[in-house]
Structure formats: C-alpha cells, structure tokens
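Quick look at protein-v7.cif (mmCIF, C-alpha atoms and all ligand atoms):
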```
data_coords
loop_
_atom_site.label_atom_id
_atom_site.label_comp_id
_atom_site.auth_asym_id
_atom_site.auth_seq_id
_atom_site.Cartn_x
_atom_site.Cartn_y
_atom_site.Cartn_z
CA MET U 1 88.77 -2.31 78.73
CA LYS U 2 91.92 -1.15 77.00
CA TYR U 3 94.52 -2.08 74.41
CA PRO U 4 95.16 -4.73 73.19
CA ILE U 5 91.58 -5.92 73.75
CA THR U 6 90.13 -2.64 72.61
CA ARG U 7 91.22 -1.42 69.19
CA PRO U 8 89.22 1.61 67.99
CA ARG U 9 90.71 1.21 64.51
CA ARG U 10 88.50 -1.85 63.89
CA LEU U 11 85.59 0.49 63.36
CA ARG U 12 87.53 2.51 60.80
CA SER U 13 88.66 -0.29 58.57
CA LYS U 14 86.46 0.39 55.54
CA LYS U 15 84.18 3.05 54.20
CA GLY U 16 80.90 1.15 54.51
CA LEU U 17 81.62 0.46 58.14
CA ARG U 18 82.66 4.03 58.85
CA ASP U 19 79.40 5.21 57.29
CA MET U 20 77.44 2.80 59.47
CA VAL U 21 78.95 3.89 62.76
CA ALA U 22 79.12 7.62 61.97
CA GLU U 23 77.58 9.65 64.80
CA THR U 24 76.63 12.68 62.72
CA SER U 25 75.20 12.99 59.24
CA LEU U 26 74.48 15.83 56.92
CA SER U 27 71.35 16.05 54.81
CA THR U 28 69.88 18.62 52.47
CA ASP U 29 67.01 18.81 55.01
CA ASP U 30 69.44 20.64 57.30
CA LEU U 31 70.25 23.46 54.91
CA ILE U 32 68.90 26.95 54.41
CA LEU U 33 70.16 28.94 51.43
CA PRO U 34 70.38 32.76 51.57
CA ILE U 35 69.09 34.61 48.49
CA PHE U 36 69.60 38.27 47.59
CA VAL U 37 66.82 40.11 45.80
CA ASN U 38 67.63 43.58 44.60
CA GLU U 39 64.93 45.93 43.39
CA ALA U 40 67.46 48.28 41.78
CA ILE U 41 68.42 45.89 38.98
CA SER U 42 66.61 44.45 36.00
CA GLU U 43 68.94 41.51 35.39
CA LYS U 44 70.68 38.90 37.54
CA LYS U 45 74.09 40.27 38.62
CA PRO U 46 77.07 38.83 40.55
CA ALA U 47 77.08 39.78 44.23
CA GLU U 48 80.58 41.21 44.27
CA GLY U 49 82.46 40.14 47.39
CA LEU U 50 80.41 36.98 47.96
CA GLU U 51 81.83 34.93 45.16
CA GLY U 52 79.43 32.51 43.51
CA HIS U 53 76.34 34.41 44.63
CA PHE U 54 74.05 36.73 42.71
CA TYR U 55 71.54 39.51 43.08
CA TYR U 56 68.18 38.69 41.53
CA PRO U 57 65.50 41.13 40.46
CA PRO U 58 62.42 40.48 42.63
CA GLU U 59 60.24 39.40 39.73
CA SER U 60 62.47 37.45 37.39
CA SER U 61 62.58 34.02 35.85
CA ASP U 62 66.21 33.88 36.99
CA LEU U 63 65.01 34.02 40.60
CA ALA U 64 62.42 31.31 39.96
CA ASP U 65 64.99 29.14 38.14
CA PHE U 66 67.48 29.52 40.97
CA ILE U 67 64.96 28.36 43.54
CA LEU U 68 63.68 25.55 41.34
CA SER U 69 67.17 24.20 40.71
CA ASN U 70 67.91 24.21 44.43
CA LEU U 71 64.62 22.49 45.24
CA GLU U 72 65.67 19.90 42.68
CA LEU U 73 68.91 19.40 44.63
CA GLY U 74 66.87 18.71 47.76
CA ILE U 75 67.21 22.09 49.45
CA LYS U 76 63.96 23.08 51.13
CA GLY U 77 64.66 26.28 53.03
CA PHE U 78 65.49 29.72 51.64
CA LEU U 79 66.35 32.91 53.49
CA VAL U 80 65.43 36.01 51.51
CA PHE U 81 67.33 39.30 51.87
CA GLY U 82 66.11 42.46 50.17
CA ILE U 83 68.20 45.27 48.73
CA THR U 84 66.87 48.65 47.73
CA GLY U 85 68.26 51.80 46.19
CA LYS U 86 65.66 53.80 48.12
CA LYS U 87 66.93 54.26 51.65
CA ASP U 88 65.44 56.56 54.28
CA PHE U 89 65.49 57.11 58.05
CA HIS U 90 62.88 54.47 58.94
CA GLY U 91 63.76 52.00 56.19
CA SER U 92 60.27 52.33 54.78
CA ARG U 93 61.06 50.20 51.75
CA ALA U 94 61.29 47.24 54.15
CA TYR U 95 57.57 47.45 54.90
CA SER U 96 56.38 48.53 51.49
CA ARG U 97 54.48 46.36 49.03
CA GLU U 98 56.75 47.94 46.41
CA GLY U 99 59.82 46.73 48.30
CA PRO U 100 62.09 43.89 47.17
CA VAL U 101 61.11 41.21 49.72
CA TYR U 102 57.36 41.63 49.35
CA ARG U 103 57.61 41.48 45.57
CA ALA U 104 60.05 38.55 45.48
CA VAL U 105 58.11 36.40 47.91
CA ARG U 106 54.84 37.15 46.10
CA TYR U 107 56.49 36.25 42.83
CA ILE U 108 57.82 32.97 44.23
CA ARG U 109 54.40 32.01 45.61
CA ASP U 110 52.66 32.92 42.37
CA ASN U 111 55.15 31.12 40.14
CA ILE U 112 56.46 28.20 42.20
CA GLY U 113 53.77 27.71 44.82
CA SER U 114 53.88 26.62 48.42
CA GLU U 115 56.76 24.11 48.28
CA PRO U 116 59.79 26.27 49.15
CA VAL U 117 60.03 27.01 52.88
CA ILE U 118 60.59 30.74 52.86
CA PHE U 119 62.27 32.62 55.67
CA THR U 120 62.61 36.39 55.32
CA ASP U 121 65.35 38.34 57.04
CA LEU U 122 63.67 41.04 59.07
CA CYS U 123 65.88 44.08 59.68
CA ILE U 124 66.31 47.65 58.52
CA CYS U 125 70.09 48.19 58.27
CA ASN U 126 70.10 47.71 54.50
CA TYR U 127 67.04 49.95 54.07
CA THR U 128 68.08 52.88 56.25
CA SER U 129 70.12 55.97 55.41
CA HIS U 130 72.11 55.52 58.66
CA GLY U 131 72.77 51.81 58.15
CA HIS U 132 71.78 50.73 61.66
CA CYS U 133 69.46 47.86 62.60
CA GLY U 134 67.50 50.26 64.82
CA LEU U 135 66.43 53.90 64.73
CA PRO U 136 69.00 56.42 66.00
CA VAL U 137 67.86 59.16 68.37
CA GLU U 138 69.94 61.86 69.98
CA LYS U 139 70.14 61.81 73.79
CA ASN U 140 72.27 64.46 75.51
CA GLY U 141 74.14 65.11 72.30
CA VAL U 142 74.95 61.44 71.73
CA LYS U 143 73.32 59.24 69.12
CA ILE U 144 71.93 56.02 70.49
CA ILE U 145 69.93 53.27 68.82
CA ASP U 146 66.41 53.43 70.23
CA ASN U 147 64.90 50.07 71.07
CA ASP U 148 61.17 50.56 71.40
CA SER U 149 60.50 52.83 68.42
CA THR U 150 62.36 50.27 66.30
CA LEU U 151 59.96 47.53 67.41
CA GLU U 152 57.12 49.42 65.74
CA VAL U 153 58.97 49.33 62.45
CA TYR U 154 59.80 45.62 62.83
CA SER U 155 56.13 44.88 63.48
CA LYS U 156 55.13 46.51 60.20
CA ILE U 157 57.78 44.59 58.30
CA ALA U 158 56.66 41.27 59.79
CA VAL U 159 53.07 41.78 58.66
CA ILE U 160 54.15 42.72 55.14
CA HIS U 161 56.40 39.67 54.84
CA ALA U 162 53.60 37.44 56.10
CA GLU U 163 51.15 38.97 53.67
CA ALA U 164 53.60 38.32 50.82
CA GLY U 165 53.64 34.63 51.74
CA ALA U 166 56.64 34.06 54.00
CA ASP U 167 56.50 30.93 56.16
CA PHE U 168 58.83 32.40 58.77
CA VAL U 169 60.18 35.84 59.51
CA ALA U 170 63.71 36.01 60.88
CA PRO U 171 64.38 39.12 62.97
CA SER U 172 68.13 39.86 62.93
CA GLY U 173 68.36 43.31 64.51
CA MET U 174 68.98 42.26 68.14
CA MET U 175 66.49 44.72 69.66
CA ASP U 176 65.13 43.67 73.07
CA GLY U 177 61.59 42.34 72.86
CA GLN U 178 61.62 42.01 69.08
CA VAL U 179 60.23 38.49 69.08
CA MET U 180 57.32 39.45 71.33
CA ALA U 181 56.52 42.56 69.30
CA ILE U 182 56.57 40.60 66.05
CA ARG U 183 54.54 37.72 67.48
CA ASN U 184 51.88 40.17 68.63
CA ALA U 185 51.83 41.99 65.32
CA LEU U 186 51.49 38.76 63.34
CA ASP U 187 48.78 37.37 65.60
CA SER U 188 46.70 40.53 65.61
CA SER U 189 46.88 40.68 61.79
CA GLY U 190 45.63 37.15 61.24
CA PHE U 191 49.04 35.54 60.70
CA SER U 192 49.25 33.27 63.73
CA ASN U 193 50.42 30.49 61.38
CA VAL U 194 53.56 32.41 60.37
CA GLY U 195 56.59 31.41 62.45
CA ILE U 196 59.58 33.22 63.87
CA MET U 197 63.17 32.13 63.46
CA ALA U 198 64.94 34.40 65.92
CA TYR U 199 68.54 35.48 65.51
CA SER U 200 68.82 35.01 69.28
CA ALA U 201 72.54 34.98 70.01
CA LYS U 202 73.97 37.19 67.31
CA TYR U 203 77.46 38.46 68.01
CA ALA U 204 79.10 41.74 67.01
CA SER U 205 81.44 39.99 64.58
CA ALA U 206 84.09 40.92 62.03
CA LEU U 207 82.85 37.99 59.95
CA TYR U 208 79.93 39.92 58.43
CA GLY U 209 82.28 41.93 56.19
CA PRO U 210 81.47 40.40 52.78
CA PHE U 211 77.72 40.43 53.52
CA ARG U 212 77.74 44.12 54.41
CA SER U 213 79.46 45.02 51.18
CA VAL U 214 76.90 42.96 49.23
CA MET U 215 74.01 44.52 51.15
CA GLU U 216 75.52 48.01 51.42
CA SER U 217 74.55 47.87 55.09
CA GLU U 218 77.67 49.13 56.84
CA PRO U 219 76.57 51.57 59.60
CA LYS U 220 77.29 55.22 58.72
CA PHE U 221 78.39 56.06 62.27
CA GLY U 222 79.58 53.95 65.19
CA ASP U 223 79.21 50.18 65.16
CA ARG U 224 76.67 47.57 66.23
CA SER U 225 78.10 46.70 69.65
CA SER U 226 75.29 48.45 71.56
CA TYR U 227 72.87 45.80 70.30
CA GLN U 228 74.79 42.78 69.01
CA MET U 229 76.44 40.49 71.57
CA ASP U 230 79.96 40.81 72.94
CA PRO U 231 82.13 37.91 71.68
CA ARG U 232 83.49 37.46 75.20
CA ASN U 233 80.13 36.22 76.48
CA ILE U 234 78.46 32.83 76.46
CA GLY U 235 76.18 32.89 79.51
CA GLU U 236 74.47 35.87 77.95
CA ALA U 237 73.68 33.74 74.90
CA LEU U 238 71.58 31.46 77.10
CA LYS U 239 69.74 34.47 78.45
CA GLU U 240 69.02 35.79 74.94
CA VAL U 241 67.82 32.39 73.76
CA GLN U 242 65.63 31.86 76.80
CA LEU U 243 64.00 35.26 76.34
CA ASP U 244 63.31 34.54 72.68
CA ILE U 245 61.72 31.19 73.51
CA GLU U 246 59.54 32.84 76.15
CA GLU U 247 58.56 35.54 73.66
CA GLY U 248 57.43 32.94 71.15
CA ALA U 249 60.36 32.05 68.90
CA ASP U 250 59.76 28.80 66.99
CA ILE U 251 63.38 28.40 65.92
CA ILE U 252 66.37 29.94 67.69
CA MET U 253 69.72 30.82 66.16
CA VAL U 254 73.38 31.26 66.96
CA LYS U 255 75.40 33.45 64.62
CA PRO U 256 78.18 33.24 63.43
CA ALA U 257 78.62 29.47 63.52
CA LEU U 258 82.23 28.34 63.19
CA PHE U 259 83.78 30.77 65.69
CA TYR U 260 80.90 30.03 68.11
CA LEU U 261 80.63 26.24 68.17
CA ASP U 262 80.85 26.31 71.97
CA VAL U 263 77.77 28.52 72.06
CA ILE U 264 75.86 26.18 69.74
CA ARG U 265 76.72 23.21 71.96
CA MET U 266 75.72 25.02 75.14
CA VAL U 267 72.42 26.26 73.73
CA ARG U 268 71.65 22.79 72.42
CA GLU U 269 72.21 21.29 75.87
CA ALA U 270 70.23 23.96 77.69
CA PHE U 271 67.26 23.85 75.27
CA PRO U 272 67.18 20.35 73.79
CA TYR U 273 63.62 20.61 72.48
CA VAL U 274 63.82 23.77 70.35
CA PRO U 275 65.00 23.65 66.73
CA LEU U 276 68.36 25.39 66.60
CA ALA U 277 69.76 27.13 63.53
CA ALA U 278 73.34 28.28 63.07
CA TYR U 279 74.42 30.87 60.51
CA ASN U 280 77.65 30.02 58.72
CA VAL U 281 78.22 33.67 57.80
CA SER U 282 79.74 35.41 54.81
CA GLY U 283 83.22 35.86 56.32
CA GLU U 284 83.39 32.17 57.20
CA TYR U 285 82.31 31.32 53.67
CA MET U 286 84.92 33.55 52.06
CA MET U 287 87.66 32.31 54.40
CA ILE U 288 87.20 28.76 53.22
CA LYS U 289 86.66 29.76 49.62
CA THR U 290 89.73 31.98 49.31
CA SER U 291 92.04 29.48 50.99
CA ALA U 292 90.81 26.83 48.60
CA ASP U 293 91.34 29.20 45.65
CA LYS U 294 94.90 29.72 46.82
CA GLY U 295 95.42 25.98 46.93
CA PHE U 296 95.82 25.77 50.70
CA LEU U 297 93.00 23.30 51.18
CA ASP U 298 90.58 21.11 49.30
CA LEU U 299 87.30 23.01 48.93
CA ASN U 300 84.89 20.07 48.99
CA ARG U 301 86.47 18.40 51.98
CA ALA U 302 86.72 21.66 53.90
CA ILE U 303 83.08 22.52 53.25
CA LEU U 304 81.82 19.15 54.43
CA GLU U 305 84.05 19.20 57.49
CA ALA U 306 83.01 22.74 58.49
CA THR U 307 79.31 22.08 57.97
CA LEU U 308 79.47 18.79 59.82
CA ALA U 309 81.22 20.53 62.72
CA ILE U 310 78.25 22.88 63.04
CA LYS U 311 75.87 19.92 62.99
CA ARG U 312 77.98 17.98 65.50
CA ALA U 313 78.01 20.98 67.83
CA GLY U 314 74.24 20.65 67.98
CA ALA U 315 72.60 22.71 65.23
CA ASN U 316 69.59 21.23 63.41
CA LEU U 317 69.61 23.81 60.66
CA ILE U 318 72.54 25.44 58.95
CA ILE U 319 72.20 28.64 57.01
CA THR U 320 74.99 28.48 54.47
CA TYR U 321 76.13 30.03 51.19
CA PHE U 322 77.60 26.62 50.41
CA ALA U 323 74.16 24.96 50.40
CA PRO U 324 74.03 24.16 46.65
CA LEU U 325 77.59 22.79 46.72
CA ILE U 326 76.89 20.71 49.81
CA ALA U 327 73.76 19.32 48.18
CA GLU U 328 75.82 18.26 45.13
CA LEU U 329 78.43 16.67 47.37
CA ILE U 330 75.82 14.75 49.35
CA LYS U 331 74.23 13.52 46.12
CA ASN U 332 77.51 12.27 44.69
CA ARG U 333 78.78 10.80 47.91
C1 LIG X 1 71.96 42.43 59.48
C2 LIG X 1 72.45 41.08 59.10
C3 LIG X 1 73.79 40.66 59.15
C4 LIG X 1 73.83 39.38 58.59
C5 LIG X 1 72.53 39.00 58.29
N1 LIG X 1 71.67 40.08 58.60
C6 LIG X 1 75.02 41.20 59.70
C7 LIG X 1 75.22 42.55 60.18
O1 LIG X 1 75.59 43.41 59.37
O2 LIG X 1 75.07 42.78 61.38
C8 LIG X 1 75.11 38.60 58.41
C9 LIG X 1 75.16 37.61 57.34
C10 LIG X 1 76.50 37.22 56.88
O3 LIG X 1 77.55 37.81 57.20
O4 LIG X 1 76.53 36.25 56.12
N2 LIG X 1 70.90 42.51 60.33
ZN ZN X 2 70.40 44.74 60.59
#
```
Translate the structure of the given file into structure tokens.
Ligand code: PBG
Ligand code: ZN
Amino acid sequence: MKYPITRPRRLRSKKGLRDMVAETSLSTDDLILPIFVNEAISEKKPAEGLEGHFYYPPESSDLADFILSNLELGIKGFLVFGITGKKDFHGSRAYSREGPVYRAVRYIRDNIGSEPVIFTDLCICNYTSHGHCGLPVEKNGVKIIDNDSTLEVYSKIAVIHAEAGADFVAPSGMMDGQVMAIRNALDSSGFSNVGIMAYSAKYASALYGPFRSVMESEPKFGDRSSYQMDPRNIGEALKEVQLDIEEGADIIMVKPALFYLDVIRMVREAFPYVPLAAYNVSGEYMMIKTSADKGFLDLNRAILEATLAIKRAGANLIITYFAPLIAELIKNR
C-alpha cells in the first residue's frame, strides 16, 4: 500500500496521538546516576571539568541530601565512584574499610536505608600510583599490565563493597576473567545475593577525558589499549559480552553509548534476555553541554533525543550525568 492511500503524516497530526504511537519511551526507571565521593575533602566541592557535578565527602549530609533529592525525582539507581588522596601500587584504598566507597555506601545504608539501588564502580586506576586499571609488571624490560594478579585485587574490592552494602559491583577494568573472579569471591564470602553489572564491551575511547580529570585517573605511562577494546571492532564486543554472561554477569554494558549505538543494537539482538546498560560517558555529556552553552543547540531537546537514541538502540539502563535533568524533563513533559 502506498501514497495516496497511505499517508504516514496522519499519525503525526497531534501531540496526544504522537505520544500514543511512540515506539520508545524514557522513564526514570531507566536511569543510573554516577556519584563521586572523595575522601580527601570535608565539604561538597564542584567536580571541575564535569560541569554541574560535585565531589561529596563520604560521610556528609550533602551526600545524603543529593541521593534523597534524586530518589524524590524518581531515580532509583546510583553508581558510586571513589576518590582518594592516598594512592599506592596496588590501590589498597580501594579495598580498605577506611576508603571512600566503603564509607560512603555504609553511610548511605545507615542514613537512607535500603531504597537506593547502589552500584559501585570496581577498578583501581583512580587508586593506583601508576593510574592503570591493572597492576604493571616488567617483562623483558617492557611494562605490561598483568591480568591475573589484578584479579586478586578486584576480588578483595568486591567483597569490601558488598560488605559496605552495595547491591551490585560494576567491574570496569577490562581484565579477562574479572567477572568470574569477582563472582567466586562474592559467593565464597557469603555475598551470593550481590550482583555484577559488567562493563563488558568497554572501548579505548577519547570520550573519557573529563572523567579522568575529575578522578585524577590518567595513566602515568602508556595508555589503556592493551585492555580496553579497539574502536574498530564490533564482533569482539559480542565475544566479551558472551564471556561475561557465562562468567555470571547479571547486567552487561556497552560503553561509551552514543558513538557505539551499533554495538548496543547488536548486543541487544544477540542477547535479548539479559539486561543491557549503556554508559553515556563524560565526553558525550560535555559535548552536548558545551554546544548548548554556546547556543548551538537546545539543551533539553538534545538531552532527550540523545538518551532516547540509546534506549531505541536497545539499552534498558542508561548511566548518565544528565539523569537529574532528564527526570525533571520527564516530570514536566
Ligand atoms: C575507569 C573508568 C572510566 C570510566 C568509568 N570508569 C574510564 C577510563 O578512564 O578508562 C569512564 C566514565 C566517563 O567517562 O564518564 N575504569
Ligand atoms: Zn580503571
């Protein structure tokens, strides 16, 4: 059937109708909000470089208020990142009960309770003196990032996060076997109820720039391309996701989101039954924000369009720095 019998514009004639026939919708249930807790500060401070975001001291009413106000907006999921002034080779502050994530999550559980769904980023780059997500060792005069010794550190971190009260740990270091190692560590420590959201297909991307300056996690030598994925690959993303599912991941992830919508779509089609998260990363956030600041585009419309694109591509969950703004926009729609 074609024109003039078929006229697609009939379905676009008024807003109510467009809303009724829309194929994709965005809800606050889809959103996860990143939060930065910094043990080196005693007061809430702007996270320079990630405009609109703040560092919170791990035990502060500002942290509690921030989470409460976002719960009020309908946001349910939070992804906690820890920042420390005390870096060392192994990133020991990441698995310390004195460390920022342990203290913050404890504080949230003690003061807010069980309602917020808490994910904790599990990596060492921001805790280590070398700034890598794994432990460097020297082999034949060359520094490489050692996989299996890193897994031991990740296992300790997972148990500490679980003990603090995290619902899910989210390993982001792209070591082989990290999901299996963490699953085993959690299970053998009595935390079989704690889930894993795996950063499965995480690309070596230029779009992490603002985040690394906020986290002070830029590697001190080399780059991350020996463990993060090559942007030229998509088949490899399916392999990474499949391995993570087999190792016990409850939620899988593609990261970044907007430059990798094809990957999101392909993973969604290959694994239709696993919850899929996509990380709308710091560089993507700042791109939209700075163009809006310069007057090139309308911020609210651009945010909704970008976030919807990620949903339409096939993500169930979107990790986004725009979460509070999106929640406001949904409410006032
Ligand atoms: C590090 C980590 C990164 C992000 C989250 N955890 C990036 C990296 O430096 O490799 C990126 C988040 C963002 O850019 O918003 N394991
Ligand atoms: Zn890392």
- Query: Leaving out Thr84 (chain U) and any residue of its chain fewer than 4 positions from it, which residues lie within 7 Å of it when counting all atoms listed in the file, given as a PyMOL selection string?
  - Reply: chain U and resi 38-40+100+127
- Selection as a VMD selection string: residues within 6 Å of ligand ZN 2 (chain X) by all atoms listed in the file: chain U and resid 123 to 125 133 172 to 173
Hey, which residues come within 9 Å of ligand LIG 1 (chain X) if we count all atoms listed in the file? Could you give them as an mmCIF file with C-alpha atoms, in the frame of the given file?
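Here's the written file out-v3.cif:
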```cif
data_model
loop_
_atom_site.group_PDB
_atom_site.id
_atom_site.type_symbol
_atom_site.label_atom_id
_atom_site.label_comp_id
_atom_site.auth_asym_id
_atom_site.auth_seq_id
_atom_site.Cartn_x
_atom_site.Cartn_y
_atom_site.Cartn_z
ATOM 1 C CA PRO U 34 70.380 32.760 51.570
ATOM 2 C CA PHE U 81 67.330 39.300 51.870
ATOM 3 C CA ASP U 121 65.350 38.340 57.040
ATOM 4 C CA LEU U 122 63.670 41.040 59.070
ATOM 5 C CA CYS U 123 65.880 44.080 59.680
ATOM 6 C CA ILE U 124 66.310 47.650 58.520
ATOM 7 C CA CYS U 125 70.090 48.190 58.270
ATOM 8 C CA ASN U 126 70.100 47.710 54.500
ATOM 9 C CA GLY U 131 72.770 51.810 58.150
ATOM 10 C CA HIS U 132 71.780 50.730 61.660
ATOM 11 C CA CYS U 133 69.460 47.860 62.600
ATOM 12 C CA PRO U 171 64.380 39.120 62.970
ATOM 13 C CA SER U 172 68.130 39.860 62.930
ATOM 14 C CA GLY U 173 68.360 43.310 64.510
ATOM 15 C CA MET U 174 68.980 42.260 68.140
ATOM 16 C CA TYR U 199 68.540 35.480 65.510
ATOM 17 C CA LYS U 202 73.970 37.190 67.310
ATOM 18 C CA TYR U 203 77.460 38.460 68.010
ATOM 19 C CA ALA U 204 79.100 41.740 67.010
ATOM 20 C CA SER U 205 81.440 39.990 64.580
ATOM 21 C CA ALA U 206 84.090 40.920 62.030
ATOM 22 C CA LEU U 207 82.850 37.990 59.950
ATOM 23 C CA TYR U 208 79.930 39.920 58.430
ATOM 24 C CA GLY U 209 82.280 41.930 56.190
ATOM 25 C CA PRO U 210 81.470 40.400 52.780
ATOM 26 C CA PHE U 211 77.720 40.430 53.520
ATOM 27 C CA ARG U 212 77.740 44.120 54.410
ATOM 28 C CA MET U 215 74.010 44.520 51.150
ATOM 29 C CA SER U 217 74.550 47.870 55.090
ATOM 30 C CA GLU U 218 77.670 49.130 56.840
ATOM 31 C CA PRO U 219 76.570 51.570 59.600
ATOM 32 C CA ARG U 224 76.670 47.570 66.230
ATOM 33 C CA GLN U 228 74.790 42.780 69.010
ATOM 34 C CA LYS U 255 75.400 33.450 64.620
ATOM 35 C CA PRO U 256 78.180 33.240 63.430
ATOM 36 C CA TYR U 279 74.420 30.870 60.510
ATOM 37 C CA ASN U 280 77.650 30.020 58.720
ATOM 38 C CA VAL U 281 78.220 33.670 57.800
ATOM 39 C CA SER U 282 79.740 35.410 54.810
ATOM 40 C CA GLY U 283 83.220 35.860 56.320
ATOM 41 C CA GLU U 284 83.390 32.170 57.200
ATOM 42 C CA TYR U 285 82.310 31.320 53.670
ATOM 43 C CA ILE U 319 72.200 28.640 57.010
ATOM 44 C CA THR U 320 74.990 28.480 54.470
ATOM 45 C CA TYR U 321 76.130 30.030 51.190
#
```
- Determine, counting only C-alpha atoms, which protein, DNA and RNA residues have an atom within 9 Å of an atom of His53 (chain U); residues of the same chain fewer than 5 positions away are not included. Present the result as a ChimeraX atom specification. /U:35-36,45-48,321
- At a cut-off of 9 Å from (58.5, 31.3, 59.4) in the coordinates of the file, what residues are picked up using all atoms listed in the file, written as a PyMOL selection string? chain U and resi 117-120+162+166-170+193-197+250-251
- Task: Could you give me, as a ChimeraX atom specification, the residues within 7 Å of region 57-61 of chain U, counting all atoms listed in the file and dropping anything in the same chain fewer than 5 positions from it?
- Result: /U:37-39,41-44,100,103-104,107
- Query: With all atoms listed in the file as the atoms that count, which of U:Ser189, U:Asp298, U:Ser200, U:Lys311 lies nearest to Tyr227 (chain U)?
  - Reply: U:Ser200
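Between CA of Leu276 (chain U) and CA of Met253 (chain U) lies a distance of 5.6 Å.
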- Item | Spatial neighbours of Ser226 (chain U), max dist 10 Å, only C-alpha atoms, sep filter under 4 positions, as a ChimeraX atom specification | /U:144-145,174-175,204,222,230
- Check the smallest atom-to-atom distance from each of U:Asn70, U:Ser13, U:Asn147, U:Thr6 to Ile32 (chain U) using only C-alpha atoms, then report the winner. U:Asn70
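CA of Gly248 (chain U) sits 6.5 Å away from CA of Met180 (chain U).
Among the candidates U:Ala315, U:Met287, U:Leu299, U:Ala64, the one nearest to Tyr260 (chain U) when counting all atoms listed in the file is U:Ala315.
Counting from CA of Gly190 (chain U), the distance to CA of Ala277 (chain U) is 26.2 Å.
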